[in-house]
Amino acid sequence: STECLTKQSYVVLKQFAESFAKLCFRHEVLVCDVVAAVFMSEHFIRSIFGVNENSPPPFESHNFVGSVDAHMLKFQDWLKAYIKKFQDK
């Protein structure tokens, strides 16, 4: 839930997203950078704490770029639905 998010966690996610942009040689952070930062954070949390009813799509190994794009689109849809669930409350 959103109660566990602190100012510091937002700062870390912002820096993480900025790092993804820099890896792509951009000075501007795009939505895909933010999604990638959240995805990596969720993957880390899932590996530490396991799975619950609001879990993101499971991370799978990918052997070509097209499957990564498809997985990230699925993750982005999950992320939007997850955020919307808490905005409606």
# chains A, B, ... in the order shown; residues from 1 in each chain; ligands from 1
>>> residues_around(residues="A:Leu73", least_positions_apart="3", cutoff="12 Å", atoms="only C-alpha atoms", output="PDB file with N, CA and C atoms, in the first residue's frame")
ATOM      1  N   VAL A  31       8.575   8.265 -19.800  1.00  0.00           N
ATOM      2  CA  VAL A  31       7.712   7.336 -19.063  1.00  0.00           C
ATOM      3  C   VAL A  31       8.340   5.947 -19.019  1.00  0.00           C
ATOM      4  N   CYS A  32       8.954   5.522 -20.122  1.00  0.00           N
ATOM      5  CA  CYS A  32       9.559   4.181 -20.142  1.00  0.00           C
ATOM      6  C   CYS A  32      10.680   4.060 -19.106  1.00  0.00           C
ATOM      7  N   VAL A  35       8.839   3.537 -15.761  1.00  0.00           N
ATOM      8  CA  VAL A  35       8.289   2.177 -15.705  1.00  0.00           C
ATOM      9  C   VAL A  35       9.407   1.167 -15.449  1.00  0.00           C
ATOM     10  N   ALA A  36      10.542   1.343 -16.109  1.00  0.00           N
ATOM     11  CA  ALA A  36      11.672   0.434 -15.893  1.00  0.00           C
ATOM     12  C   ALA A  36      12.166   0.508 -14.449  1.00  0.00           C
ATOM     13  N   PHE A  39       9.621  -1.225 -12.321  1.00  0.00           N
ATOM     14  CA  PHE A  39       9.701  -2.651 -12.613  1.00  0.00           C
ATOM     15  C   PHE A  39      10.860  -3.305 -11.859  1.00  0.00           C
ATOM     16  N   PRO A  56       2.980  -7.934  -9.306  1.00  0.00           N
ATOM     17  CA  PRO A  56       3.165  -7.621 -10.720  1.00  0.00           C
ATOM     18  C   PRO A  56       3.319  -8.905 -11.524  1.00  0.00           C
ATOM     19  N   PRO A  57       3.242  -8.814 -12.852  1.00  0.00           N
ATOM     20  CA  PRO A  57       3.464 -10.012 -13.672  1.00  0.00           C
ATOM     21  C   PRO A  57       4.837 -10.601 -13.349  1.00  0.00           C
ATOM     22  N   GLY A  66      12.151  -8.233 -28.512  1.00  0.00           N
ATOM     23  CA  GLY A  66      10.699  -8.168 -28.687  1.00  0.00           C
ATOM     24  C   GLY A  66       9.929  -8.709 -27.503  1.00  0.00           C
ATOM     25  N   SER A  67      10.420  -9.764 -26.880  1.00  0.00           N
ATOM     26  CA  SER A  67       9.706 -10.325 -25.730  1.00  0.00           C
ATOM     27  C   SER A  67       9.832  -9.422 -24.502  1.00  0.00           C
ATOM     28  N   VAL A  68      10.937  -8.692 -24.396  1.00  0.00           N
ATOM     29  CA  VAL A  68      11.089  -7.734 -23.292  1.00  0.00           C
ATOM     30  C   VAL A  68      10.064  -6.621 -23.443  1.00  0.00           C
ATOM     31  N   ASP A  69       9.903  -6.104 -24.660  1.00  0.00           N
ATOM     32  CA  ASP A  69       8.910  -5.056 -24.908  1.00  0.00           C
ATOM     33  C   ASP A  69       7.506  -5.530 -24.550  1.00  0.00           C
ATOM     34  N   ALA A  70       7.168  -6.744 -24.940  1.00  0.00           N
ATOM     35  CA  ALA A  70       5.837  -7.284 -24.633  1.00  0.00           C
ATOM     36  C   ALA A  70       5.643  -7.411 -23.124  1.00  0.00           C
ATOM     37  N   GLN A  76       3.445  -2.469 -17.521  1.00  0.00           N
ATOM     38  CA  GLN A  76       2.919  -1.105 -17.495  1.00  0.00           C
ATOM     39  C   GLN A  76       1.403  -1.124 -17.297  1.00  0.00           C
ATOM     40  N   ASP A  77       0.698  -2.054 -17.941  1.00  0.00           N
ATOM     41  CA  ASP A  77      -0.748  -2.179 -17.739  1.00  0.00           C
ATOM     42  C   ASP A  77      -1.065  -2.537 -16.292  1.00  0.00           C
ATOM     43  N   TRP A  78      -0.277  -3.475 -15.727  1.00  0.00           N
ATOM     44  CA  TRP A  78      -0.482  -3.846 -14.331  1.00  0.00           C
ATOM     45  C   TRP A  78      -0.253  -2.641 -13.424  1.00  0.00           C
ATOM     46  N   LEU A  79       0.813  -1.886 -13.684  1.00  0.00           N
ATOM     47  CA  LEU A  79       1.152  -0.732 -12.849  1.00  0.00           C
ATOM     48  C   LEU A  79       0.039   0.311 -12.876  1.00  0.00           C
ATOM     49  N   LYS A  80      -0.493   0.589 -14.060  1.00  0.00           N
ATOM     50  CA  LYS A  80      -1.603   1.554 -14.169  1.00  0.00           C
ATOM     51  C   LYS A  80      -2.819   1.082 -13.380  1.00  0.00           C
TER      52      LYS A  80
END
>>> residues_around(residues="A:Val29", least_positions_apart="6", cutoff="8 Å", atoms="only C-alpha atoms", output="MDAnalysis selection string")
chainID A and resid 17:18 20:21
>>> atom_distance(atom1="atom CA of A:Leu23", atom2="atom CA of A:Ile83")
26.6 Å
>>> atom_distance(atom1="atom CA of A:Leu13", atom2="atom CA of A:Ala37")
6.3 Å
>>> atom_distance(atom1="atom CA of A:Ser41", atom2="atom CA of A:Lys14")
11.7 Å
